[in-house]
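Asks: One structure coming up, written as structure tokens, with questions to follow.
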Amino acid sequence: MRRGIVLFITLGILMLLASIIFLFLQQSGTLKKSVRKNVAVIQTNLILSDLSGFLKSQNFSQDDLFYGSGIPVSLDLGPISSFLTIDSAQRKINLNAILASVQKDQIAFDTFLDWMERHNVKNPRLMLALLLDTYDTDVYERERGSEIRLNQPWFQNGAIANAKALETILETYRILGNEENLSLRLWKDVFGFEGSTFDLNYATSDQLQLLYPDYPQTTLSKLSAHTERYEKPDDIPIDDEYKMTILQPRFGITPVLSTQTIAISVDFNTTQECSGSMGFWMGMKKKKITHLTLSPILCP
């Protein structure tokens, strides 16, 4: 009997010790992961500080951006390896500006529907209704899909905030419109969410068709060829009648032939086996950084 009690107590002590060891190991793993993540955050702040200081000291020309934009450059920063991309922040059409025009301009309304039909959106009126349900600030629900009914955080009236918001709207359309083959990439390539200017030197054929429905296709094809950078309308190989109107505001967007704000994106990996990305806009003249965004830092 006594031997049984001793064995029982010994077994209990061993189980207690095993629990303590297991708890310690679990806490130790969590602590190590927390340390790795904190170090990664510090390294991220350092790369942002160093990189912003470097960019502010550069004098980028329009040619630098036009002929070198979209090309990622590998950077070896000691404890961090990363890819840096510098591009024009004015190469996308502000979707919010377009929707503002759609609400009050019949030509903008018809043009937007035509653009969607050309890209095989089966129910363009439903798609537009969902966009306007999110963009406007009234309580009128055009279709099942506004933030009033769905109560999703990305359906915030007054603006389509960013690419995540647009993705949510498109996903809602897929469900309500019973359409699976909707190209998210097309929408992200054409539309942005801020600013009122658009640099025609980077315009795609899709963007031009949306902004210039009254121009012949041959003219738009010449403009989207981008064989060289245009500094003024006379440089563009199109008829004079179109040169006179090409920089006039359209649907809330002002076409320009120069970029004043550049977009920088950085994807990085740290020695702590963590990865992440950041992005920001920077004014070319004032070298002021705005619109800073950081993705969650991922550690194994």
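Just remember, in the structure tokens the first chain shown is A, the second B, etc., residues are 1-based per chain, and ligands are 1-based in the order shown.
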Which residues are near range 65-76 of chain A? Cut-off 10 Å, only C-alpha atoms, ignore same chain within fewer than 3 positions. Put them as number ranges by chain.
Replies: A: 60-62, 79-88, 201-202, 226, 228-230, 258-259, 262-268
Asks: Which range 41-61 of chain A residues have any atom within 10 Å of an atom of range 283-290 of chain A, and for each, what is the nearest pair of atoms with distance in Å to one decimal, counting only C-alpha atoms, rows sorted by chain and number, as a Markdown table?
Replies:
| residue | atom | partner | partner_atom | distance |
| --- | --- | --- | --- | --- |
| A:Ser52 | CA | A:Ile289 | CA | 7.8 |
| A:Gly53 | CA | A:Lys287 | CA | 9.6 |
| A:Leu55 | CA | A:Lys287 | CA | 7.8 |
| A:Lys56 | CA | A:Lys287 | CA | 5.3 |
| A:Ser57 | CA | A:Lys287 | CA | 8.4 |
| A:Gln58 | CA | A:Lys287 | CA | 9.0 |
| A:Asn59 | CA | A:Met284 | CA | 7.9 |
| A:Phe60 | CA | A:Met284 | CA | 7.1 |
| A:Ser61 | CA | A:Met284 | CA | 8.7 |
Asks: Let's have the selection written as a PDB file, in the first residue's frame, with N, CA, C and O atoms.
Replies:
ATOM      1  N   SER A  52      14.214  56.140 -47.323  1.00  0.00           N
ATOM      2  CA  SER A  52      13.614  57.456 -47.534  1.00  0.00           C
ATOM      3  C   SER A  52      14.686  58.541 -47.598  1.00  0.00           C
ATOM      4  O   SER A  52      14.601  59.459 -48.410  1.00  0.00           O
ATOM      5  N   GLY A  53      15.730  58.391 -46.754  1.00  0.00           N
ATOM      6  CA  GLY A  53      16.823  59.363 -46.813  1.00  0.00           C
ATOM      7  C   GLY A  53      17.544  59.312 -48.143  1.00  0.00           C
ATOM      8  O   GLY A  53      17.897  60.346 -48.717  1.00  0.00           O
ATOM      9  N   LEU A  55      16.249  58.246 -51.087  1.00  0.00           N
ATOM     10  CA  LEU A  55      15.370  58.731 -52.154  1.00  0.00           C
ATOM     11  C   LEU A  55      15.244  60.249 -52.133  1.00  0.00           C
ATOM     12  O   LEU A  55      15.170  60.895 -53.179  1.00  0.00           O
ATOM     13  N   LYS A  56      15.236  60.825 -50.936  1.00  0.00           N
ATOM     14  CA  LYS A  56      15.102  62.280 -50.838  1.00  0.00           C
ATOM     15  C   LYS A  56      16.331  63.003 -51.384  1.00  0.00           C
ATOM     16  O   LYS A  56      16.253  64.171 -51.743  1.00  0.00           O
ATOM     17  N   SER A  57      17.450  62.304 -51.435  1.00  0.00           N
ATOM     18  CA  SER A  57      18.676  62.938 -51.943  1.00  0.00           C
ATOM     19  C   SER A  57      18.824  62.799 -53.451  1.00  0.00           C
ATOM     20  O   SER A  57      19.736  63.369 -54.044  1.00  0.00           O
ATOM     21  N   GLN A  58      17.914  62.033 -54.092  1.00  0.00           N
ATOM     22  CA  GLN A  58      18.004  61.820 -55.534  1.00  0.00           C
ATOM     23  C   GLN A  58      17.189  62.875 -56.288  1.00  0.00           C
ATOM     24  O   GLN A  58      16.190  63.369 -55.788  1.00  0.00           O
ATOM     25  N   ASN A  59      17.641  63.182 -57.478  1.00  0.00           N
ATOM     26  CA  ASN A  59      16.904  64.098 -58.347  1.00  0.00           C
ATOM     27  C   ASN A  59      16.389  63.312 -59.554  1.00  0.00           C
ATOM     28  O   ASN A  59      17.057  63.209 -60.576  1.00  0.00           O
ATOM     29  N   PHE A  60      15.210  62.726 -59.373  1.00  0.00           N
ATOM     30  CA  PHE A  60      14.638  61.925 -60.440  1.00  0.00           C
ATOM     31  C   PHE A  60      14.119  62.817 -61.553  1.00  0.00           C
ATOM     32  O   PHE A  60      13.466  63.831 -61.304  1.00  0.00           O
ATOM     33  N   SER A  61      14.412  62.445 -62.792  1.00  0.00           N
ATOM     34  CA  SER A  61      13.860  63.152 -63.937  1.00  0.00           C
ATOM     35  C   SER A  61      12.658  62.374 -64.472  1.00  0.00           C
ATOM     36  O   SER A  61      12.458  61.205 -64.132  1.00  0.00           O
TER      37      SER A  61
END
Asks: Taking only C-alpha atoms into account, which of A:Glu171, A:Asp234, A:Asp189, A:Asp136 comes nearest Leu257 in chain A?
Replies: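 So, comparing all the options, the nearest one is A:Asp234.
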Asks: Might you pull out every residue within 8 Å of range 240-247 of chain A, with only C-alpha atoms counted and same-chain residues fewer than 6 positions away left off, and present them as an NGL selection string?
Replies: :A and (215 or 233-234 or 254-256)
Asks: Could you list, as a PyMOL selection string, every residue within 9 Å of Leu182 in chain A, counting only C-alpha atoms and ignoring same-chain residues fewer than 4 positions away?
Replies: chain A and resi 119-121+170-171+173-174+186
Asks: Emit the selected residues as a PDB file, in the first residue's frame, including N, CA and C atoms.
Replies:
ATOM      1  N   HIS A 119     -15.440  44.377 -71.578  1.00  0.00           N
ATOM      2  CA  HIS A 119     -14.649  43.397 -70.822  1.00  0.00           C
ATOM      3  C   HIS A 119     -15.524  42.269 -70.282  1.00  0.00           C
ATOM      4  N   ASN A 120     -16.636  42.058 -70.964  1.00  0.00           N
ATOM      5  CA  ASN A 120     -17.477  40.876 -70.737  1.00  0.00           C
ATOM      6  C   ASN A 120     -18.048  40.781 -69.324  1.00  0.00           C
ATOM      7  N   VAL A 121     -18.319  41.928 -68.707  1.00  0.00           N
ATOM      8  CA  VAL A 121     -19.082  41.912 -67.458  1.00  0.00           C
ATOM      9  C   VAL A 121     -20.539  41.650 -67.834  1.00  0.00           C
ATOM     10  N   LEU A 170     -16.058  43.328 -55.849  1.00  0.00           N
ATOM     11  CA  LEU A 170     -16.057  42.396 -56.970  1.00  0.00           C
ATOM     12  C   LEU A 170     -16.476  40.993 -56.529  1.00  0.00           C
ATOM     13  N   GLU A 171     -16.079  40.599 -55.339  1.00  0.00           N
ATOM     14  CA  GLU A 171     -16.468  39.291 -54.829  1.00  0.00           C
ATOM     15  C   GLU A 171     -17.980  39.252 -54.585  1.00  0.00           C
ATOM     16  N   TYR A 173     -20.144  40.992 -56.250  1.00  0.00           N
ATOM     17  CA  TYR A 173     -20.751  40.901 -57.584  1.00  0.00           C
ATOM     18  C   TYR A 173     -20.722  39.464 -58.108  1.00  0.00           C
ATOM     19  N   ARG A 174     -19.619  38.762 -57.884  1.00  0.00           N
ATOM     20  CA  ARG A 174     -19.521  37.373 -58.348  1.00  0.00           C
ATOM     21  C   ARG A 174     -20.652  36.525 -57.769  1.00  0.00           C
ATOM     22  N   LEU A 186      -7.577  43.159 -64.001  1.00  0.00           N
ATOM     23  CA  LEU A 186      -7.950  44.241 -64.913  1.00  0.00           C
ATOM     24  C   LEU A 186      -8.337  45.483 -64.137  1.00  0.00           C
TER      25      LEU A 186
END
Asks: List the spatial neighbours of range 96-105 of chain A as a PyMOL selection string - criterion: any atom at most 10 Å away, only C-alpha atoms, same-chain residues fewer than 3 positions off excluded.
Replies: chain A and resi 93+108-113+128+131-132+135-136+158-161+191-196+210-211+250-253
Asks: Using only C-alpha atoms, determine which residues lie at most 7 Å from Gln90 in chain A, disregarding the query and same-chain residues fewer than 4 positions distant; provide the list as JSON, numbers by chain.
Replies: {"A": [197, 198, 199, 259, 261]}
Asks: Can you spit out the residues from that selection as a compact mmCIF listing (two decimals), in the first residue's frame, using N, CA, C and O atoms?
Replies:
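Okay, this is what ended up in result-v1.txt:
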# COMPACT_ATOMS: atom_id res chain seq x y z
N THR A 197 -5.13 63.65 -61.04
CA THR A 197 -4.35 63.75 -62.28
C THR A 197 -3.95 62.35 -62.77
O THR A 197 -3.84 61.40 -61.98
N PHE A 198 -3.73 62.28 -64.07
CA PHE A 198 -3.40 61.00 -64.70
C PHE A 198 -2.38 61.25 -65.79
O PHE A 198 -2.63 62.00 -66.73
N ASP A 199 -1.19 60.65 -65.66
CA ASP A 199 -0.09 60.86 -66.60
C ASP A 199 -0.32 60.00 -67.85
O ASP A 199 -0.23 58.77 -67.79
N THR A 259 4.81 63.41 -64.29
CA THR A 259 4.50 62.80 -62.99
C THR A 259 5.15 63.62 -61.88
O THR A 259 6.34 63.88 -61.92
N THR A 261 4.35 62.75 -58.52
CA THR A 261 4.36 61.86 -57.35
C THR A 261 4.77 60.47 -57.79
O THR A 261 4.22 59.93 -58.75
Asks: Report as a PyMOL selection string: the residues of range 129-266 of chain A with a DSSP assignment of strand (DSSP E or B), based on the backbone of this structure.
Replies: chain A and resi 191-192+197-199+250+253-256+261-266
Asks: Using the selection just defined, write its residues with all heavy atoms as a compact mmCIF listing (two decimals), in the first residue's frame.
Replies:
# COMPACT_ATOMS: atom_id res chain seq x y z
N PHE A 191 -7.57 51.08 -62.29
CA PHE A 191 -8.07 52.04 -61.31
C PHE A 191 -7.18 52.17 -60.08
O PHE A 191 -6.62 51.19 -59.59
CB PHE A 191 -9.48 51.66 -60.86
CG PHE A 191 -10.50 51.70 -61.96
CD1 PHE A 191 -11.05 50.54 -62.46
CD2 PHE A 191 -10.90 52.91 -62.51
CE1 PHE A 191 -11.99 50.57 -63.47
CE2 PHE A 191 -11.84 52.96 -63.52
CZ PHE A 191 -12.39 51.79 -64.00
N GLY A 192 -7.09 53.41 -59.59
CA GLY A 192 -6.54 53.72 -58.28
C GLY A 192 -7.64 54.35 -57.45
O GLY A 192 -8.80 54.36 -57.84
N THR A 197 -5.13 63.65 -61.04
CA THR A 197 -4.35 63.75 -62.28
C THR A 197 -3.95 62.35 -62.77
O THR A 197 -3.84 61.40 -61.98
CB THR A 197 -3.08 64.59 -62.07
OG1 THR A 197 -2.28 64.01 -61.03
CG2 THR A 197 -3.45 66.02 -61.70
N PHE A 198 -3.73 62.28 -64.07
CA PHE A 198 -3.40 61.00 -64.70
C PHE A 198 -2.38 61.25 -65.79
O PHE A 198 -2.63 62.00 -66.73
CB PHE A 198 -4.68 60.38 -65.28
CG PHE A 198 -4.44 59.12 -66.06
CD1 PHE A 198 -3.99 57.97 -65.43
CD2 PHE A 198 -4.67 59.07 -67.43
CE1 PHE A 198 -3.77 56.81 -66.14
CE2 PHE A 198 -4.46 57.92 -68.15
CZ PHE A 198 -4.01 56.78 -67.50
N ASP A 199 -1.19 60.65 -65.66
CA ASP A 199 -0.09 60.86 -66.60
C ASP A 199 -0.32 60.00 -67.85
O ASP A 199 -0.23 58.77 -67.79
CB ASP A 199 1.24 60.52 -65.95
CG ASP A 199 2.44 60.99 -66.77
OD1 ASP A 199 2.26 61.25 -67.98
OD2 ASP A 199 3.54 61.10 -66.21
N ARG A 250 -11.55 65.33 -67.82
CA ARG A 250 -12.57 64.38 -68.27
C ARG A 250 -13.02 63.53 -67.09
O ARG A 250 -12.21 62.87 -66.46
CB ARG A 250 -12.01 63.48 -69.38
CG ARG A 250 -11.79 64.21 -70.69
CD ARG A 250 -11.05 63.35 -71.68
NE ARG A 250 -11.04 63.99 -73.00
CZ ARG A 250 -11.96 63.77 -73.94
NH1 ARG A 250 -12.94 62.91 -73.71
NH2 ARG A 250 -11.90 64.38 -75.10
N ILE A 253 -11.14 63.70 -63.96
CA ILE A 253 -9.71 63.38 -64.09
C ILE A 253 -9.05 64.42 -64.98
O ILE A 253 -9.58 64.77 -66.04
CB ILE A 253 -9.50 61.98 -64.71
CG1 ILE A 253 -10.18 60.91 -63.84
CG2 ILE A 253 -8.03 61.68 -64.87
CD1 ILE A 253 -9.61 60.78 -62.46
N THR A 254 -7.88 64.91 -64.57
CA THR A 254 -7.12 65.86 -65.37
C THR A 254 -5.92 65.15 -66.00
O THR A 254 -4.98 64.76 -65.29
CB THR A 254 -6.62 67.03 -64.51
OG1 THR A 254 -7.73 67.70 -63.92
CG2 THR A 254 -5.83 68.02 -65.37
N PRO A 255 -5.94 64.93 -67.31
CA PRO A 255 -4.78 64.31 -67.97
C PRO A 255 -3.57 65.25 -67.96
O PRO A 255 -3.72 66.45 -68.16
CB PRO A 255 -5.28 64.06 -69.41
CG PRO A 255 -6.77 64.15 -69.32
CD PRO A 255 -7.05 65.14 -68.24
N VAL A 256 -2.39 64.70 -67.73
CA VAL A 256 -1.15 65.48 -67.72
C VAL A 256 -0.08 64.71 -68.48
O VAL A 256 -0.27 63.54 -68.83
CB VAL A 256 -0.68 65.79 -66.28
CG1 VAL A 256 -1.68 66.68 -65.57
CG2 VAL A 256 -0.47 64.49 -65.50
N THR A 261 4.35 62.75 -58.52
CA THR A 261 4.36 61.86 -57.35
C THR A 261 4.77 60.47 -57.79
O THR A 261 4.22 59.93 -58.75
CB THR A 261 2.97 61.80 -56.69
OG1 THR A 261 2.52 63.12 -56.41
CG2 THR A 261 3.02 60.99 -55.41
N ILE A 262 5.75 59.91 -57.11
CA ILE A 262 6.21 58.57 -57.47
C ILE A 262 5.76 57.57 -56.39
O ILE A 262 5.56 57.93 -55.23
CB ILE A 262 7.74 58.49 -57.66
CG1 ILE A 262 8.47 58.91 -56.38
CG2 ILE A 262 8.16 59.36 -58.82
CD1 ILE A 262 9.98 58.79 -56.49
N ALA A 263 5.59 56.33 -56.82
CA ALA A 263 5.20 55.26 -55.91
C ALA A 263 6.37 54.32 -55.71
O ALA A 263 7.01 53.90 -56.67
CB ALA A 263 4.01 54.50 -56.49
N ILE A 264 6.68 54.03 -54.45
CA ILE A 264 7.78 53.14 -54.11
C ILE A 264 7.21 51.93 -53.39
O ILE A 264 6.42 52.08 -52.45
CB ILE A 264 8.83 53.83 -53.22
CG1 ILE A 264 9.52 54.97 -53.97
CG2 ILE A 264 9.89 52.84 -52.76
CD1 ILE A 264 8.96 56.32 -53.69
N SER A 265 7.59 50.75 -53.82
CA SER A 265 7.18 49.53 -53.12
C SER A 265 8.43 48.71 -52.81
O SER A 265 9.37 48.65 -53.60
CB SER A 265 6.20 48.71 -53.96
OG SER A 265 6.80 48.29 -55.18
N VAL A 266 8.43 48.08 -51.64
CA VAL A 266 9.58 47.30 -51.18
C VAL A 266 9.09 45.97 -50.62
O VAL A 266 8.22 45.94 -49.75
CB VAL A 266 10.37 48.04 -50.08
CG1 VAL A 266 11.62 47.25 -49.71
CG2 VAL A 266 10.73 49.45 -50.51
Asks: What lies within 12 Å of Ile175 in chain A using only C-alpha atoms, ignoring chain neighbours under 4 positions off, as a CSV table (one decimal) with N, CA and C atoms, in the first residue's frame?
Replies:
chain,number,residue,atom,x,y,z
A,126,LEU,N,-25.6,45.9,-62.5
A,126,LEU,CA,-25.4,45.4,-61.2
A,126,LEU,C,-24.1,45.8,-60.6
A,127,MET,N,-23.0,45.6,-61.4
A,127,MET,CA,-21.7,46.0,-61.0
A,127,MET,C,-21.6,47.5,-60.6
A,130,LEU,N,-23.4,48.3,-57.3
A,130,LEU,CA,-22.6,47.9,-56.1
A,130,LEU,C,-21.5,48.9,-55.9
A,144,ARG,N,-28.7,44.6,-53.7
A,144,ARG,CA,-28.2,43.9,-52.5
A,144,ARG,C,-26.7,43.9,-52.5
A,145,GLY,N,-26.0,44.7,-51.8
A,145,GLY,CA,-24.6,44.7,-51.8
A,145,GLY,C,-24.0,46.0,-51.2
A,168,THR,N,-13.5,43.3,-52.4
A,168,THR,CA,-14.7,42.9,-51.7
A,168,THR,C,-15.9,43.1,-52.5
A,169,ILE,N,-16.0,44.3,-53.2
A,169,ILE,CA,-17.1,44.6,-54.1
A,169,ILE,C,-17.2,43.6,-55.2
A,170,LEU,N,-16.1,43.3,-55.8
A,170,LEU,CA,-16.1,42.4,-57.0
A,170,LEU,C,-16.5,41.0,-56.5
A,171,GLU,N,-16.1,40.6,-55.3
A,171,GLU,CA,-16.5,39.3,-54.8
A,171,GLU,C,-18.0,39.3,-54.6
A,179,GLU,N,-21.4,35.1,-61.5
A,179,GLU,CA,-20.3,35.2,-62.5
A,179,GLU,C,-19.0,35.0,-61.9
A,180,GLU,N,-18.3,33.9,-62.3
A,180,GLU,CA,-17.0,33.6,-61.6
A,180,GLU,C,-15.8,34.2,-62.3
A,181,ASN,N,-15.9,34.4,-63.6
A,181,ASN,CA,-14.7,34.8,-64.4
A,181,ASN,C,-14.6,36.3,-64.5
A,182,LEU,N,-14.5,37.0,-63.4
A,182,LEU,CA,-14.4,38.4,-63.4
A,182,LEU,C,-12.9,38.7,-63.0
Asks: Which of range 59-262 of chain A end up as helix (DSSP H, G or I) when DSSP is run on this backbone - answer as number ranges by chain?
Replies: A: 62-68, 95-104, 106-118, 124-135, 147-150, 163-176, 184-190, 200-202, 205-211, 217-224, 233-235, 240-243
